[in-house]
Structure formats: C-alpha cells, structure tokens
file upload07.csv (CSV, C-alpha atoms)
chain,number,residue,atom,x,y,z
A,1,MET,CA,83.1,109.0,85.3
A,2,SER,CA,85.6,110.5,82.9
A,3,SER,CA,85.7,109.1,79.4
A,4,SER,CA,89.4,108.7,79.8
A,5,PHE,CA,91.7,107.7,82.7
A,6,ARG,CA,94.0,110.6,83.8
A,7,LEU,CA,97.3,109.5,85.3
A,8,VAL,CA,99.9,111.9,86.6
A,9,TYR,CA,103.5,110.8,87.5
A,10,VAL,CA,106.5,112.5,89.0
A,11,PRO,CA,110.0,112.8,87.4
A,12,GLY,CA,112.0,109.7,87.6
A,13,VAL,CA,109.1,107.3,87.6
A,14,MET,CA,108.7,105.2,84.5
A,15,PRO,CA,105.0,104.2,84.0
A,16,ASP,CA,105.5,102.7,80.5
A,17,LYS,CA,105.0,99.0,81.4
A,18,TRP,CA,101.7,99.7,83.2
A,19,VAL,CA,100.5,102.0,80.4
A,20,ARG,CA,101.2,99.2,77.9
A,21,VAL,CA,99.2,96.7,79.8
A,22,TRP,CA,96.3,99.3,80.2
A,23,ASN,CA,96.2,99.8,76.4
A,24,GLU,CA,96.1,96.1,75.8
A,25,ARG,CA,93.3,95.4,78.3
A,26,LEU,CA,91.2,98.6,77.9
A,27,PRO,CA,91.8,99.8,74.3
A,28,ASP,CA,88.5,101.7,74.4
A,29,VAL,CA,89.5,103.8,77.4
A,30,PRO,CA,92.2,106.3,76.6
A,31,LEU,CA,94.9,106.9,79.2
A,32,THR,CA,96.0,110.5,79.5
A,33,LEU,CA,99.6,110.6,80.9
A,34,THR,CA,101.1,113.8,82.4
A,35,GLN,CA,104.4,114.4,84.1
A,36,VAL,CA,104.2,116.9,87.0
A,37,PRO,CA,106.6,118.2,89.6
A,38,ALA,CA,106.7,116.0,92.7
A,39,GLY,CA,105.4,118.9,94.9
A,40,THR,CA,102.2,119.4,92.8
A,41,ALA,CA,101.0,115.9,92.3
A,42,GLN,CA,98.9,115.7,95.5
A,43,GLY,CA,97.1,119.0,94.8
A,44,LEU,CA,96.2,117.8,91.3
A,45,LEU,CA,94.7,114.6,92.7
A,46,LEU,CA,92.7,116.4,95.4
A,47,GLY,CA,91.5,119.1,92.9
A,48,GLY,CA,90.0,116.5,90.5
A,49,ASP,CA,92.5,117.2,87.8
A,50,ALA,CA,93.7,113.5,87.7
A,51,ASP,CA,92.2,110.2,88.6
A,52,ALA,CA,95.4,108.7,90.1
A,53,GLY,CA,99.1,109.4,90.3
A,54,LEU,CA,102.5,107.7,90.6
A,55,VAL,CA,103.9,109.9,93.4
A,56,ARG,CA,106.6,110.0,96.0
A,57,LEU,CA,105.7,109.3,99.6
A,58,PRO,CA,104.7,110.7,102.0
A,59,VAL,CA,101.2,111.8,101.1
A,60,ASP,CA,98.2,112.9,103.2
A,61,ARG,CA,96.6,109.5,104.1
A,62,THR,CA,93.5,111.2,105.5
A,63,VAL,CA,92.4,112.2,102.0
A,64,LEU,CA,94.4,110.0,99.7
A,65,SER,CA,94.7,106.2,99.4
A,66,ALA,CA,98.1,105.0,98.5
A,67,ILE,CA,99.7,101.7,97.6
A,68,PRO,CA,103.5,101.7,98.1
A,69,LEU,CA,105.2,100.2,95.0
A,70,TYR,CA,109.0,100.3,95.6
A,71,THR,CA,111.8,102.2,97.4
A,72,GLU,CA,114.7,103.7,95.5
A,73,GLN,CA,118.4,103.6,96.2
A,74,THR,CA,119.9,106.9,97.1
A,75,VAL,CA,123.0,108.0,95.2
A,76,VAL,CA,125.4,110.9,95.1
A,77,VAL,CA,126.0,112.5,91.7
A,78,VAL,CA,129.6,113.7,91.1
A,79,PRO,CA,132.0,114.6,88.3
A,80,ARG,CA,133.7,111.6,86.8
A,81,ASP,CA,137.1,112.6,88.2
A,82,HIS,CA,135.8,113.0,91.8
A,83,LEU,CA,137.7,111.1,94.5
A,84,VAL,CA,134.6,109.1,95.6
A,85,THR,CA,134.5,107.3,92.3
A,86,ALA,CA,137.3,105.1,93.6
A,87,VAL,CA,134.8,103.3,96.0
A,88,ASP,CA,131.7,101.2,95.5
A,89,THR,CA,129.6,102.9,98.2
A,90,VAL,CA,130.0,106.4,99.6
A,91,SER,CA,129.4,107.3,103.2
A,92,PRO,CA,128.2,110.8,104.4
A,93,GLU,CA,131.6,111.3,106.0
A,94,ASP,CA,133.2,110.9,102.6
A,95,LEU,CA,131.4,114.1,101.5
A,96,ALA,CA,132.5,116.2,104.5
A,97,ASP,CA,134.7,118.5,102.4
A,98,ASP,CA,132.2,118.8,99.5
A,99,ILE,CA,129.5,121.4,98.9
A,100,VAL,CA,126.3,119.3,98.9
A,101,LEU,CA,123.6,121.0,96.8
A,102,HIS,CA,120.0,121.0,98.2
A,103,PRO,CA,117.5,121.9,95.4
A,104,LEU,CA,114.1,123.3,96.4
A,105,ASP,CA,112.4,120.3,94.8
A,106,ASP,CA,114.4,117.8,96.8
A,107,VAL,CA,112.4,114.6,97.5
A,108,LEU,CA,114.6,113.3,100.3
A,109,ALA,CA,113.7,113.9,103.9
A,110,TRP,CA,117.0,115.0,105.4
A,111,GLU,CA,117.5,115.6,109.2
A,112,THR,CA,121.0,116.8,108.5
A,113,LEU,CA,122.4,117.2,105.0
A,114,PRO,CA,126.0,115.9,104.7
A,115,GLY,CA,128.9,118.0,103.6
A,116,ARG,CA,129.0,121.8,103.5
A,117,PRO,CA,125.9,123.8,102.5
A,118,ALA,CA,125.8,126.0,99.3
A,119,LEU,CA,125.2,129.7,99.6
A,120,GLU,CA,121.9,129.3,97.8
A,121,ARG,CA,119.6,126.4,97.1
A,122,PRO,CA,119.1,125.7,93.3
A,123,ALA,CA,115.5,125.9,92.2
A,124,THR,CA,115.3,122.5,90.6
A,125,THR,CA,117.2,119.2,90.5
A,126,ALA,CA,118.0,119.9,86.9
A,127,ASP,CA,119.7,123.2,87.9
A,128,ALA,CA,121.7,121.4,90.6
A,129,VAL,CA,122.9,118.8,88.1
A,130,GLU,CA,124.2,121.7,85.9
A,131,LEU,CA,126.1,123.1,89.0
A,132,VAL,CA,127.7,119.6,89.6
A,133,ALA,CA,128.8,119.6,86.0
A,134,ALA,CA,130.4,123.0,86.5
A,135,GLY,CA,132.4,121.7,89.5
A,136,ILE,CA,130.5,123.7,92.1
A,137,GLY,CA,129.3,120.8,94.3
A,138,VAL,CA,127.7,117.3,94.5
A,139,LEU,CA,124.1,116.2,94.6
A,140,VAL,CA,122.3,113.5,96.5
A,141,VAL,CA,119.1,112.1,94.8
A,142,PRO,CA,117.2,108.9,94.2
A,143,LEU,CA,118.7,106.7,91.6
A,144,SER,CA,115.9,107.3,89.0
A,145,LEU,CA,116.6,111.1,89.1
A,146,ALA,CA,120.3,110.5,88.6
A,147,ARG,CA,119.5,108.4,85.5
A,148,LEU,CA,116.9,111.0,84.3
A,149,HIS,CA,119.5,113.8,84.4
A,150,HIS,CA,122.4,111.6,83.1
A,151,ARG,CA,125.4,113.4,81.5
A,152,LYS,CA,128.5,111.9,80.0
A,153,ASP,CA,130.7,114.0,82.3
A,154,LEU,CA,129.0,112.9,85.5
A,155,THR,CA,128.6,109.6,87.3
A,156,HIS,CA,127.0,108.4,90.6
A,157,ARG,CA,127.7,106.1,93.5
A,158,PRO,CA,125.4,104.6,96.2
A,159,LEU,CA,125.3,106.7,99.4
A,160,ALA,CA,124.6,104.9,102.7
A,161,PRO,CA,123.3,105.6,105.2
A,162,ALA,CA,120.9,108.1,103.7
A,163,PRO,CA,117.2,108.9,103.5
A,164,GLU,CA,115.3,106.9,100.8
A,165,SER,CA,112.4,107.8,98.5
A,166,SER,CA,109.4,105.5,98.1
A,167,VAL,CA,107.1,105.6,95.1
A,168,ALA,CA,103.4,104.8,95.4
A,169,LEU,CA,100.2,104.8,93.4
A,170,ALA,CA,97.8,107.3,95.0
A,171,TRP,CA,94.2,108.5,94.4
A,172,PRO,CA,91.6,110.5,96.2
A,173,GLU,CA,90.0,108.2,98.9
A,174,ALA,CA,86.5,109.4,98.0
A,175,ALA,CA,87.0,108.7,94.3
A,176,THR,CA,87.9,105.0,94.1
A,177,THR,CA,86.3,104.4,90.7
A,178,GLU,CA,86.1,101.3,88.6
A,179,ARG,CA,88.9,102.7,86.4
A,180,VAL,CA,91.1,103.2,89.5
A,181,GLU,CA,90.4,99.6,90.5
A,182,ASP,CA,91.5,98.6,86.9
A,183,PHE,CA,94.8,100.4,87.3
A,184,ILE,CA,95.4,99.0,90.8
A,185,GLY,CA,95.0,95.5,89.4
A,186,ILE,CA,97.6,96.3,86.7
A,187,VAL,CA,100.3,97.7,89.0
A,188,ARG,CA,99.7,94.7,91.4
A,189,GLY,CA,100.2,92.3,88.6
A,190,ARG,CA,96.7,90.8,88.6
A,191,THR,CA,95.6,88.8,85.6
A,192,VAL,CA,92.9,90.0,83.2
A,193,ASN,CA,90.4,87.5,84.6
A,194,SER,CA,90.9,88.5,88.3
A,195,THR,CA,87.7,89.5,90.1
A,196,ARG,CA,89.5,91.1,93.1
A,197,GLY,CA,87.8,94.4,93.9
A,198,ARG,CA,84.9,93.6,91.6
A,199,LYS,CA,81.6,91.7,91.8
A,200,PRO,CA,82.1,88.3,90.4
A,201,GLN,CA,79.8,87.3,87.6
A,202,PRO,CA,77.2,84.6,88.5
A,203,ALA,CA,78.3,81.1,87.5
A,204,PRO,CA,76.5,79.8,84.4
A,205,GLU,CA,73.9,77.0,84.9
A,206,LYS,CA,75.3,73.5,84.4
A,207,ARG,CA,74.2,71.8,81.2
A,208,GLU,CA,74.4,68.3,80.0
A,209,ARG,CA,76.8,67.3,77.3
A,210,GLY,CA,75.5,68.6,74.0
A,211,GLY,CA,74.2,71.8,75.5
A,212,ALA,CA,70.8,70.6,76.8
A,213,ARG,CA,69.8,71.6,80.3
A,214,LYS,CA,69.6,68.8,82.8
A,215,GLN,CA,66.0,68.1,83.9
A,216,GLN,CA,64.3,65.6,86.2
A,217,PRO,CA,62.2,63.0,84.1
A,218,ALA,CA,58.5,63.6,84.6
A,219,GLY,CA,57.8,60.0,85.5
A,220,GLY,CA,60.8,59.6,87.8
A,221,SER,CA,60.9,59.2,91.6
A,222,ALA,CA,59.5,62.7,92.1
A,223,GLY,CA,56.4,61.8,90.0
A,224,ARG,CA,55.9,58.5,91.9
A,225,SER,CA,56.1,60.3,95.2
A,226,ARG,CA,53.4,62.7,94.2
A,227,ARG,CA,51.1,59.9,93.1
A,228,ALA,CA,51.7,58.1,96.4
A,229,ALA,CA,51.0,61.2,98.4
A,230,ALA,CA,47.6,61.5,96.5
A,231,GLY,CA,46.6,58.0,97.5
A,232,GLY,CA,47.4,56.4,94.1
A,233,THR,CA,49.3,53.2,93.5
A,234,ALA,CA,52.4,52.8,91.5
A,235,LYS,CA,51.7,50.5,88.5
A,236,SER,CA,54.0,47.5,87.9
A,237,PRO,CA,55.9,47.8,84.6
A,238,ARG,CA,55.0,44.1,83.8
A,239,ARG,CA,51.9,43.7,81.6
A,240,GLY,CA,49.8,40.8,80.2
A,241,LYS,CA,48.3,37.6,81.7
A,242,PRO,CA,50.0,35.8,84.6
A,243,ARG,CA,51.9,32.6,83.7
A,244,ARG,CA,50.0,29.3,84.3
A,245,ARG,CA,51.6,26.8,86.7
A,246,SER,CA,52.6,23.5,85.3
call {"tool": "encode", "arguments": {"input": "upload07.csv", "output": "structure tokens"}}
result
Amino acid sequence: MSSSFRLVYVPGVMPDKWVRVWNERLPDVPLTLTQVPAGTAQGLLLGGDADAGLVRLPVDRTVLSAIPLYTEQTVVVVPRDHLVTAVDTVSPEDLADDIVLHPLDDVLAWETLPGRPALERPATTADAVELVAAGIGVLVVPLSLARLHHRKDLTHRPLAPAPESSVALAWPEAATTERVEDFIGIVRGRTVNSTRGRKPQPAPEKRERGGARKQQPAGGSAGRSRRAAAGGTAKSPRRGKPRRRS
C-alpha cells in the first residue's frame, strides 16, 4: 500500500471539503491531490498512478468501481449583451442562429448539438471560452466549468433540455484498499466511528463497577451443585447445639 493516498480530480470538481475531513481524520497519511484532464483520469487509475479519482461519468464499469456523487446543471455561456440573457432558462431552439462551439474536451454526450457548428472545434474548453469572449460563438458546459472559467464580460443561463454531466468517485475494482474505503466513508458522510466496510472491533468484556471483572463466587450455587453430584451433602449454615424444648 502506498504511504500516501493519491487522488486525481477533473476540472470543475471541488474536492476541498473532503480533503479537509481526510486531513482531520488521517493526519499521518498525506493526501496527494492532482487535477487532470477529464479524458485522462480513467487511464491514470487503471495504470496505478492514482488510488482513486473524482471523475465524470461514464467510466468502464468492468474494471472500475464508481459511486455517483451528483449531477450538474447544464448552462450556456454567452456575452453579457447576448439576447438570451433576457430569459431565466434557455431552450436549444433559442440558440438556432448562434454558432455553438464544441471543444475537443467536451464532457457532454450530445446526440445533436444545438445551433450552427463552428468551422473548427477548439482544443479545450478554456480556448472555447476565449472565443465566446471574442464574440465568435456560445458554449454549452456543466455549471462548474462555467464558474471555473468565469470572466467579467461573460455570463451564463441554464439550458434545458440538454445532456447533463454526473460526477463520481471511481477507483480500480481490483484495488479497493483500506485507504480507498476511508475516502468512500468521507464522501458518503460517514462518521469517524462508523465500522461500515471494516471489521468491527470485538466488544470489551463487561466489568463490575470499579473496574473488577464479574466472577461467580466459589461457594455459590455452582459449587453446591458440584458437591451434590459427588455424593456430598450441603451443610446447614446454622451451627451450635439444638435448642431444648420447654
């Protein structure tokens, strides 16, 4: 087992709260945190370069275990003076006249992208955001990526209906280590004393008040039973001469 716990996470995911709990509960086990492109996270897990990852679904469930954590709202990123800023929620039809950029690292599973396609696909979401700011098109992404690439000259609005992106905790199925179980407990909100997924410790032997262990008196019912079984007679506790009748 590694002396540290190696966690990868994809852009837009904020693992800070779970990392904070880890450091409080396991201060002697360093947590190594690395942000990686969404398309490379699965390969790093399968290659043994990370113990677990906060990734975007889907992943290959034949080799990776995954616990879905949450599903993000999908939004369209537009210039602040764009017409769709006048509404609370945008529909795909509202983007019919817009160039909708489709970066190569897109994390949404589109059947048909709304709007008009660009001549070329930007290499990254960050590149696409720069093009939106230049007035060349609009961009549809999960809400966390819109916040990650926030600019003062851009804004966003919810888009519906649209594909959504779900975030999960994933790890190699063949490497469910004790440290992975610890992190699973943290993301699921288990308390520090929870024994789920672990062998419970044996219950301590009951003791009498004052710390003494409870024992059967040597001369108790068990002792009398043994003497009776051996042919002996239980003695009366009364001693001395019998009383004379008057």
call {"tool": "closest_atom_pairs", "arguments": {"input": "upload07.csv", "of": "stretch 52-122 of chain A", "to": "stretch 133-149 of chain A", "cutoff": "12 Å", "atoms": "only C-alpha atoms", "output": "CSV"}}
result
residue,atom,partner,partner_atom,distance
A:Arg56,CA,A:Pro142,CA,10.8
A:Tyr70,CA,A:Ser144,CA,11.8
A:Thr71,CA,A:Pro142,CA,9.2
A:Glu72,CA,A:Pro142,CA,5.9
A:Gln73,CA,A:Leu143,CA,5.6
A:Thr74,CA,A:Pro142,CA,4.4
A:Val75,CA,A:Val141,CA,5.7
A:Val76,CA,A:Val140,CA,4.3
A:Val77,CA,A:Leu139,CA,5.1
A:Val78,CA,A:Val138,CA,5.3
A:Pro79,CA,A:Ala133,CA,6.4
A:Arg80,CA,A:Ala133,CA,9.4
A:Asp81,CA,A:Gly135,CA,10.3
A:His82,CA,A:Val138,CA,9.6
A:Leu83,CA,A:Val138,CA,11.8
A:Val84,CA,A:Val138,CA,10.8
A:Val90,CA,A:Val140,CA,10.9
A:Ser91,CA,A:Val140,CA,11.6
A:Pro92,CA,A:Val140,CA,10.2
A:Asp94,CA,A:Val138,CA,11.7
A:Leu95,CA,A:Val138,CA,8.5
A:Ala96,CA,A:Val138,CA,11.1
A:Asp97,CA,A:Gly137,CA,10.0
A:Asp98,CA,A:Gly137,CA,6.3
A:Ile99,CA,A:Gly137,CA,4.6
A:Val100,CA,A:Val138,CA,5.0
A:Leu101,CA,A:Leu139,CA,5.3
A:His102,CA,A:Leu139,CA,7.3
A:Pro103,CA,A:Leu139,CA,8.8
A:Asp105,CA,A:Val141,CA,10.6
A:Asp106,CA,A:Val141,CA,7.7
A:Val107,CA,A:Val141,CA,7.6
A:Leu108,CA,A:Val141,CA,7.2
A:Ala109,CA,A:Val141,CA,10.7
A:Trp110,CA,A:Val140,CA,10.5
A:Leu113,CA,A:Val140,CA,9.3
A:Pro114,CA,A:Val140,CA,9.3
A:Gly115,CA,A:Val138,CA,9.2
A:Arg116,CA,A:Gly137,CA,9.3
A:Pro117,CA,A:Gly137,CA,9.4
A:Ala118,CA,A:Gly137,CA,8.0
A:Leu119,CA,A:Ile136,CA,11.0
A:Glu120,CA,A:Ile136,CA,11.7
A:Arg121,CA,A:Leu139,CA,11.4
A:Pro122,CA,A:Leu139,CA,10.8
call {"tool": "residues_around", "arguments": {"input": "upload07.csv", "residues": "A:Val63", "least_positions_apart": "3", "cutoff": "7 Å", "atoms": "all atoms listed in the file", "output": "PDB file with C-alpha atoms, in the frame of the given file"}}
result
ATOM      1  CA  ASP A  60      98.200 112.900 103.200  1.00  0.00           C
ATOM      2  CA  PRO A 172      91.600 110.500  96.200  1.00  0.00           C
ATOM      3  CA  GLU A 173      90.000 108.200  98.900  1.00  0.00           C
TER       4      GLU A 173
END
call {"tool": "atom_distance", "arguments": {"input": "upload07.csv", "atom1": "atom CA of A:Leu31", "atom2": "atom CA of A:Arg190"}}
result
18.7 Å
call {"tool": "atom_distance", "arguments": {"input": "upload07.csv", "atom1": "atom CA of A:Val36", "atom2": "atom CA of A:Arg61"}}
result
20.1 Å
call {"tool": "atom_distance", "arguments": {"input": "upload07.csv", "atom1": "atom CA of A:Asp49", "atom2": "atom CA of A:Ile67"}}
result
19.7 Å
call {"tool": "closest_residue", "arguments": {"input": "upload07.csv", "among": "A:His150, A:His156, A:Arg6, A:Arg179", "to": "A:Ala50", "atoms": "all atoms listed in the file"}}
result
A:Arg6
call {"tool": "closest_residue", "arguments": {"input": "upload07.csv", "among": "A:Leu159, A:Ala38, A:Val167, A:Ile186", "to": "A:Pro11", "atoms": "all atoms listed in the file"}}
result
A:Ala38
call {"tool": "residues_around", "arguments": {"input": "upload07.csv", "residues": "A:Thr34", "least_positions_apart": "2", "cutoff": "9 Å", "atoms": "only C-alpha atoms", "output": "JSON, numbers by chain"}}
result
{"A": [6, 7, 8, 9, 10, 32, 36]}
